[in-house]
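Structure data (PDB, C-alpha atoms, pLDDT in the B column) from structure_4.pdb:
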```pdb
ATOM      1  CA  MET A1038     -16.389 112.158 113.842  1.00 56.00           C
ATOM      2  CA  LYS A1039     -17.852 109.915 116.530  1.00 69.00           C
ATOM      3  CA  THR A1040     -15.583 108.118 118.897  1.00 83.00           C
ATOM      4  CA  GLU A1041     -16.190 104.445 119.541  1.00 85.00           C
ATOM      5  CA  LYS A1042     -17.235 105.324 123.094  1.00 84.00           C
ATOM      6  CA  THR A1043     -19.829 107.816 121.843  1.00 89.00           C
ATOM      7  CA  ALA A1044     -21.168 105.314 119.311  1.00 87.00           C
ATOM      8  CA  ILE A1045     -21.603 102.677 122.031  1.00 88.00           C
ATOM      9  CA  GLU A1046     -23.352 105.147 124.335  1.00 89.00           C
ATOM     10  CA  GLU A1047     -25.696 106.266 121.536  1.00 91.00           C
ATOM     11  CA  LEU A1048     -26.532 102.663 120.664  1.00 90.00           C
ATOM     12  CA  ALA A1049     -27.396 101.919 124.296  1.00 90.00           C
ATOM     13  CA  ARG A1050     -29.595 105.020 124.501  1.00 90.00           C
ATOM     14  CA  SER A1051     -31.430 104.133 121.293  1.00 91.00           C
ATOM     15  CA  LEU A1052     -32.204 100.651 122.677  1.00 89.00           C
ATOM     16  CA  LYS A1053     -32.991 101.992 126.163  1.00 91.00           C
ATOM     17  CA  ILE A1054     -30.275  99.817 127.664  1.00 90.00           C
ATOM     18  CA  THR A1055     -28.316 100.827 130.741  1.00 88.00           C
ATOM     19  CA  ILE A1056     -24.662  99.996 130.227  1.00 87.00           C
ATOM     20  CA  GLN A1057     -23.723  98.096 133.337  1.00 83.00           C
ATOM     21  CA  TYR A1058     -22.393  94.805 134.554  1.00 85.00           C
ATOM     22  CA  ASN A1059     -25.127  92.290 135.335  1.00 84.00           C
ATOM     23  CA  ARG A1060     -24.796  88.805 136.762  1.00 90.00           C
ATOM     24  CA  ILE A1061     -25.958  86.611 133.938  1.00 93.00           C
ATOM     25  CA  ASP A1062     -26.412  82.908 133.421  1.00 95.00           C
ATOM     26  CA  GLY A1063     -28.350  80.542 131.227  1.00 97.00           C
ATOM     27  CA  PHE A1064     -29.571  81.987 127.953  1.00 97.00           C
ATOM     28  CA  ALA A1065     -28.183  85.475 128.698  1.00 97.00           C
ATOM     29  CA  ALA A1066     -24.693  84.045 129.260  1.00 97.00           C
ATOM     30  CA  ALA A1067     -24.926  82.035 126.048  1.00 97.00           C
ATOM     31  CA  CYS A1068     -25.942  85.176 124.136  1.00 97.00           C
ATOM     32  CA  TYR A1069     -23.023  87.091 125.641  1.00 97.00           C
ATOM     33  CA  ASP A1070     -20.543  84.345 124.827  1.00 96.00           C
ATOM     34  CA  ASP A1071     -21.768  83.450 121.348  1.00 97.00           C
ATOM     35  CA  ASN A1072     -22.998  86.691 119.739  1.00 96.00           C
ATOM     36  CA  SER A1073     -21.571  90.003 118.644  1.00 95.00           C
ATOM     37  CA  VAL A1074     -23.136  93.362 119.498  1.00 94.00           C
ATOM     38  CA  GLU A1075     -24.470  93.551 115.949  1.00 95.00           C
ATOM     39  CA  GLU A1076     -26.109  90.119 116.197  1.00 96.00           C
ATOM     40  CA  MET A1077     -27.782  90.976 119.499  1.00 96.00           C
ATOM     41  CA  VAL A1078     -29.046  94.319 118.180  1.00 95.00           C
ATOM     42  CA  ARG A1079     -30.489  92.654 115.062  1.00 96.00           C
ATOM     43  CA  THR A1080     -32.146  90.035 117.240  1.00 96.00           C
ATOM     44  CA  LEU A1081     -33.735  92.671 119.493  1.00 94.00           C
ATOM     45  CA  HIS A1082     -35.254  94.305 116.412  1.00 94.00           C
ATOM     46  CA  LYS A1083     -37.173  91.134 115.585  1.00 93.00           C
ATOM     47  CA  LYS A1084     -40.900  91.388 116.185  1.00 91.00           C
ATOM     48  CA  SER A1085     -41.119  88.078 118.010  1.00 95.00           C
ATOM     49  CA  ALA A1086     -38.928  85.765 120.018  1.00 96.00           C
ATOM     50  CA  ASP A1087     -37.135  82.807 118.499  1.00 96.00           C
ATOM     51  CA  HIS A1088     -39.436  79.982 119.511  1.00 96.00           C
ATOM     52  CA  SER A1089     -36.735  77.336 119.151  1.00 96.00           C
ATOM     53  CA  ASP A1090     -34.527  79.266 121.626  1.00 96.00           C
ATOM     54  CA  CYS A1091     -37.471  79.581 124.010  1.00 97.00           C
ATOM     55  CA  ALA A1092     -38.182  75.858 123.818  1.00 98.00           C
ATOM     56  CA  GLU A1093     -34.534  74.841 124.132  1.00 97.00           C
ATOM     57  CA  TRP A1094     -33.883  77.114 127.129  1.00 98.00           C
ATOM     58  CA  LYS A1095     -37.377  76.669 128.633  1.00 98.00           C
ATOM     59  CA  ILE A1096     -37.952  80.438 128.772  1.00 98.00           C
ATOM     60  CA  SER A1097     -40.834  82.691 127.804  1.00 98.00           C
ATOM     61  CA  PRO A1098     -40.612  85.197 124.923  1.00 97.00           C
ATOM     62  CA  THR A1099     -40.297  87.988 127.522  1.00 97.00           C
ATOM     63  CA  GLU A1100     -37.442  86.173 129.284  1.00 97.00           C
ATOM     64  CA  TRP A1101     -35.822  85.607 125.866  1.00 98.00           C
ATOM     65  CA  ARG A1102     -35.877  89.346 125.054  1.00 97.00           C
ATOM     66  CA  ASN A1103     -34.771  90.378 128.565  1.00 96.00           C
ATOM     67  CA  SER A1104     -31.865  87.907 128.455  1.00 97.00           C
ATOM     68  CA  ILE A1105     -30.617  89.379 125.188  1.00 97.00           C
ATOM     69  CA  ARG A1106     -30.900  92.899 126.635  1.00 96.00           C
ATOM     70  CA  LEU A1107     -28.856  91.850 129.702  1.00 95.00           C
ATOM     71  CA  ALA A1108     -26.236  90.164 127.539  1.00 97.00           C
ATOM     72  CA  LEU A1109     -25.993  93.267 125.348  1.00 96.00           C
ATOM     73  CA  ALA A1110     -25.690  95.557 128.403  1.00 95.00           C
ATOM     74  CA  ASN A1111     -22.792  93.409 129.630  1.00 95.00           C
ATOM     75  CA  ARG A1112     -21.125  93.376 126.211  1.00 95.00           C
ATOM     76  CA  LEU A1113     -21.349  97.181 125.938  1.00 94.00           C
ATOM     77  CA  PHE A1114     -20.021  97.514 129.490  1.00 93.00           C
ATOM     78  CA  THR A1115     -17.087  95.259 128.602  1.00 92.00           C
ATOM     79  CA  ASP A1116     -16.399  97.172 125.379  1.00 90.00           C
ATOM     80  CA  LEU A1117     -16.436 100.547 127.177  1.00 89.00           C
ATOM     81  CA  SER A1118     -14.172  99.162 129.898  1.00 87.00           C
ATOM     82  CA  GLU A1119     -11.673  98.057 127.249  1.00 87.00           C
ATOM     83  CA  ILE A1120     -11.759 101.497 125.608  1.00 84.00           C
ATOM     84  CA  GLU A1121     -11.089 103.170 128.968  1.00 80.00           C
ATOM     85  CA  LYS A1122      -8.266 100.726 129.740  1.00 80.00           C
ATOM     86  CA  ILE A1123      -6.575 101.432 126.412  1.00 79.00           C
ATOM     87  CA  ARG A1124      -7.031 105.183 126.829  1.00 73.00           C
ATOM     88  CA  ASN A1125      -5.507 105.089 130.317  1.00 73.00           C
ATOM     89  CA  GLN A1126      -2.523 103.055 129.104  1.00 73.00           C
ATOM     90  CA  THR A1127      -1.976 105.521 126.264  1.00 69.00           C
ATOM     91  CA  GLU A1128      -2.130 108.499 128.649  1.00 64.00           C
ATOM     92  CA  GLU A1129       0.422 106.838 130.935  1.00 66.00           C
ATOM     93  CA  GLU A1130       2.809 106.399 128.026  1.00 65.00           C
ATOM     94  CA  ILE A1131       2.668 110.078 127.068  1.00 57.00           C
TER      95      ILE A1131
END
```
As structure tokens, how would this structure be written, given the file I've shared?
Amino acid sequence: MKTEKTAIEELARSLKITIQYNRIDGFAAACYDDNSVEEMVRTLHKKSADHSDCAEWKISPTEWRNSIRLALANRLFTDLSEIEKIRNQTEEEI
């Protein structure tokens, strides 16, 4: 059975995303704040950028895709950090 940590690491590998904290703003920050991991992954699988997002945020399709990738990298980093925090608290209690 896969652990949640392993599942997150495998997802990142499959999308060629490095799990790390990135300074984000603009569209990337909005993606991070407003979307789940699942929503961002589905969006990255789209063949083309959302043109209404591009127009609203005044970004190119490449910037759109890169912003989602950065937001997802941050979300996965945050999720892994939470898993580690919980694991460390549990170990301290034992």
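Closest approach to A:Ile1120 from the set A:Ile1045, A:Cys1091, A:Ile1061, A:Ile1096 is made by A:Ile1045, with distances taken over only C-alpha atoms.
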field: Distance of atom CA of A:Leu1081 from atom CA of A:Tyr1069, expressed in Å to one decimal place
entry: 13.6 Å
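You can rank A:Ala1044, A:Val1078, A:Ala1092, A:Ala1067 by their closest distance to A:Arg1106 using all atoms listed in the file, and at the top of that list sits A:Val1078.
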query: Within 10 Å of (-19.8, 92.0, 126.3), in the coordinates the file gives, what residues turn up when you count only C-alpha atoms, written out as a PyMOL selection string?
result: chain A and resi 1058+1066+1068-1070+1072-1074+1107-1118
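Atom to atom, atom CA of A:Ala1065 and atom CA of A:Ile1105 stand 5.8 Å apart.
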statement: With distances taken over only C-alpha atoms, the candidate from A:Ile1056, A:Asp1071, A:Gly1063, A:Glu1041 nearest A:Lys1095 is A:Gly1063
query: Which one of A:Asn1059, A:Glu1119, A:Leu1052, A:Ser1097 sits closest to A:Met1077 if you count only C-alpha atoms?
result: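 Selected residue with least distance to A:Met1077: A:Leu1052.
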- prompt: Separation of atom CA of A:Glu1047 and atom CA of A:Phe1064, in Å?
  reply: 25.4 Å
message: When you count all atoms listed in the file, which of these residues is closest to A:Lys1083: A:Arg1102, A:Thr1040, A:Arg1124, A:Gln1057?
response: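 Between A:Arg1102, A:Thr1040, A:Arg1124, A:Gln1057, the residue approaching A:Lys1083 most closely is A:Arg1102.
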query: Hey, which of A:Ser1089, A:Gln1126, A:Lys1053, A:Glu1075 ends up closest to A:Asn1103? Count only C-alpha atoms.
result: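 So, comparing all the options, the nearest one is A:Lys1053.
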Axis-aligned box for stretch 1072-1080 of chain A, 4 Å per side, centre and edges in Å as AutoDock Vina command-line options:
```
--center_x -26.9 --center_y 90.5 --center_z 117.4 --size_x 18.6 --size_y 15.6 --size_z 12.7
```
Since the input has fewer atoms than a full residue there, write stretch 1085-1098 of chain A out with N, CA and C atoms, as a compact mmCIF listing (two decimals), in the coordinates of the input.
```
# COMPACT_ATOMS: atom_id res chain seq x y z
N SER A 1085 -40.76 89.13 117.06
CA SER A 1085 -41.12 88.08 118.01
C SER A 1085 -39.88 87.26 118.40
N ALA A 1086 -40.02 86.58 119.50
CA ALA A 1086 -38.93 85.76 120.02
C ALA A 1086 -38.68 84.56 119.12
N ASP A 1087 -37.48 84.04 119.20
CA ASP A 1087 -37.14 82.81 118.50
C ASP A 1087 -37.71 81.65 119.31
N HIS A 1088 -38.73 81.03 118.76
CA HIS A 1088 -39.44 79.98 119.51
C HIS A 1088 -38.57 78.76 119.77
N SER A 1089 -37.61 78.48 118.89
CA SER A 1089 -36.74 77.34 119.15
C SER A 1089 -35.81 77.63 120.33
N ASP A 1090 -35.32 78.88 120.45
CA ASP A 1090 -34.53 79.27 121.63
C ASP A 1090 -35.36 79.13 122.89
N CYS A 1091 -36.59 79.64 122.84
CA CYS A 1091 -37.47 79.58 124.01
C CYS A 1091 -37.70 78.14 124.45
N ALA A 1092 -37.94 77.27 123.49
CA ALA A 1092 -38.18 75.86 123.82
C ALA A 1092 -36.92 75.20 124.37
N GLU A 1093 -35.79 75.45 123.71
CA GLU A 1093 -34.53 74.84 124.13
C GLU A 1093 -34.14 75.28 125.54
N TRP A 1094 -34.30 76.57 125.84
CA TRP A 1094 -33.88 77.11 127.13
C TRP A 1094 -35.01 77.13 128.16
N LYS A 1095 -36.20 76.70 127.74
CA LYS A 1095 -37.38 76.67 128.63
C LYS A 1095 -37.63 78.05 129.25
N ILE A 1096 -37.71 79.06 128.35
CA ILE A 1096 -37.95 80.44 128.77
C ILE A 1096 -39.12 81.01 127.96
N SER A 1097 -39.74 82.02 128.50
CA SER A 1097 -40.83 82.69 127.80
C SER A 1097 -40.27 83.69 126.79
N PRO A 1098 -41.08 84.16 125.86
CA PRO A 1098 -40.61 85.20 124.92
C PRO A 1098 -40.12 86.46 125.65
```
